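Here the structure comes first, spelled out in structure tokens, and everything after it is commentary.
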Amino acid sequence: MTHERKKFVIRELRVLARQLDGIKLRYKYDWETNAHVVEVPKSIYDSENFISFDMKLWDRFHKRFPCVMLVFIPDDSDMGIDDIKDGEEYIIYGKGYTHSDAKPQGVLPSFWRIRKKVASMAAV
């Protein structure tokens, strides 16, 4: 069941990423709290477009998975993705995102794969 919820969240985040140029979203499932946590840039967190997206996604998610939490947090939050100890992290990039760890849009690498790739590139 957790896999189905993750696929749902990732699919929806891809939709959001396609709408926003230069965005980086981080997503992780927290086993301890049974929560799906999505970290978004502070620059869009308070925007009307994002709030509308957040509310619609929250409604759809809770109709399908009523006993599970879906939480959006800004990237400058005191408690963030890095505080979740277990679980695989996904990073979703919007069009035009430029950074050394960026992959082509639509690819959802786990964080450890990105770090491994960056480390191997540095060794060359």
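In the structure tokens, chains take the letters A, B, ... in the order shown, each chain's residues start at 1, and ligands count up from 1 in the order shown.
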
Using only C-alpha atoms, which protein or nucleic acid residues come within 7 Å of region 54-70 of chain A? Drop anything in the same chain fewer than 3 positions from it, and give the result as a list of chain:residue names. A:Asn34, A:Ala35, A:His36, A:Val37, A:Phe50, A:Ile51

File of the preceding selection, C-alpha atoms, as a CSV table (one decimal), in the first residue's frame:
```
chain,number,residue,atom,x,y,z
A,34,ASN,CA,3.1,7.5,8.6
A,35,ALA,CA,3.4,10.9,6.8
A,36,HIS,CA,4.4,11.8,3.2
A,37,VAL,CA,6.5,14.9,3.5
A,50,PHE,CA,0.8,26.6,-4.8
A,51,ILE,CA,-1.8,26.8,-2.1
```

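Nearest to Ile10 (chain A) of all the residues A:Phe53, A:Tyr45, A:Phe72, A:Tyr90 is A:Tyr90, based on only C-alpha atoms.
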
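Put simply, CA of Trp31 (chain A) is 15.9 Å away from CA of Lys7 (chain A).
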
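Separating CA of Thr33 (chain A) from CA of Ser52 (chain A) is a distance of 25.0 Å.
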
Write down as a ChimeraX atom specification the residues belonging to region 5-59 of chain A that are assigned strand (DSSP E or B) by DSSP computed on the backbone. /A:24-30,35-40

Excluding region 16-28 of chain A and its own-chain neighbours fewer than 4 positions away, which residues fall within 6 Å of it when counting only C-alpha atoms? Please give them as an MDAnalysis selection string. chainID A and resid 37:40 89:97

Please dump the current selection as a PDB file, in the first residue's frame; keep N, CA and C atoms.
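Saved the output as selection.pdb:
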```pdb
ATOM      1  N   VAL A  37       6.029  13.553   3.261  1.00  0.00           N
ATOM      2  CA  VAL A  37       6.493  14.925   3.470  1.00  0.00           C
ATOM      3  C   VAL A  37       7.090  15.447   2.165  1.00  0.00           C
ATOM      4  N   VAL A  38       6.637  16.622   1.750  1.00  0.00           N
ATOM      5  CA  VAL A  38       7.119  17.257   0.528  1.00  0.00           C
ATOM      6  C   VAL A  38       7.690  18.612   0.899  1.00  0.00           C
ATOM      7  N   GLU A  39       8.946  18.817   0.519  1.00  0.00           N
ATOM      8  CA  GLU A  39       9.621  20.089   0.772  1.00  0.00           C
ATOM      9  C   GLU A  39       9.607  20.904  -0.515  1.00  0.00           C
ATOM     10  N   VAL A  40       9.086  22.122  -0.421  1.00  0.00           N
ATOM     11  CA  VAL A  40       8.990  23.009  -1.587  1.00  0.00           C
ATOM     12  C   VAL A  40       9.761  24.295  -1.306  1.00  0.00           C
ATOM     13  N   GLU A  89      14.492   9.093  -0.374  1.00  0.00           N
ATOM     14  CA  GLU A  89      14.174  10.455  -0.776  1.00  0.00           C
ATOM     15  C   GLU A  89      14.096  10.543  -2.283  1.00  0.00           C
ATOM     16  N   TYR A  90      13.115  11.280  -2.774  1.00  0.00           N
ATOM     17  CA  TYR A  90      12.971  11.528  -4.201  1.00  0.00           C
ATOM     18  C   TYR A  90      13.130  13.021  -4.444  1.00  0.00           C
ATOM     19  N   ILE A  91      13.771  13.359  -5.550  1.00  0.00           N
ATOM     20  CA  ILE A  91      13.939  14.757  -5.920  1.00  0.00           C
ATOM     21  C   ILE A  91      13.334  14.930  -7.305  1.00  0.00           C
ATOM     22  N   ILE A  92      12.432  15.881  -7.432  1.00  0.00           N
ATOM     23  CA  ILE A  92      11.750  16.144  -8.689  1.00  0.00           C
ATOM     24  C   ILE A  92      12.150  17.536  -9.152  1.00  0.00           C
ATOM     25  N   TYR A  93      12.607  17.623 -10.394  1.00  0.00           N
ATOM     26  CA  TYR A  93      13.074  18.898 -10.935  1.00  0.00           C
ATOM     27  C   TYR A  93      12.091  19.426 -11.972  1.00  0.00           C
ATOM     28  N   GLY A  94      11.898  20.740 -11.942  1.00  0.00           N
ATOM     29  CA  GLY A  94      11.103  21.385 -12.971  1.00  0.00           C
ATOM     30  C   GLY A  94      11.973  21.754 -14.153  1.00  0.00           C
ATOM     31  N   LYS A  95      11.330  22.153 -15.233  1.00  0.00           N
ATOM     32  CA  LYS A  95      12.063  22.579 -16.413  1.00  0.00           C
ATOM     33  C   LYS A  95      12.964  23.749 -16.060  1.00  0.00           C
ATOM     34  N   GLY A  96      14.145  23.742 -16.611  1.00  0.00           N
ATOM     35  CA  GLY A  96      15.041  24.865 -16.419  1.00  0.00           C
ATOM     36  C   GLY A  96      15.804  24.852 -15.111  1.00  0.00           C
ATOM     37  N   TYR A  97      15.654  23.797 -14.300  1.00  0.00           N
ATOM     38  CA  TYR A  97      16.404  23.745 -13.044  1.00  0.00           C
ATOM     39  C   TYR A  97      17.872  23.508 -13.353  1.00  0.00           C
TER      40      TYR A  97
END
```

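You will find CA of His3 (chain A) at 20.9 Å from CA of Asp82 (chain A).
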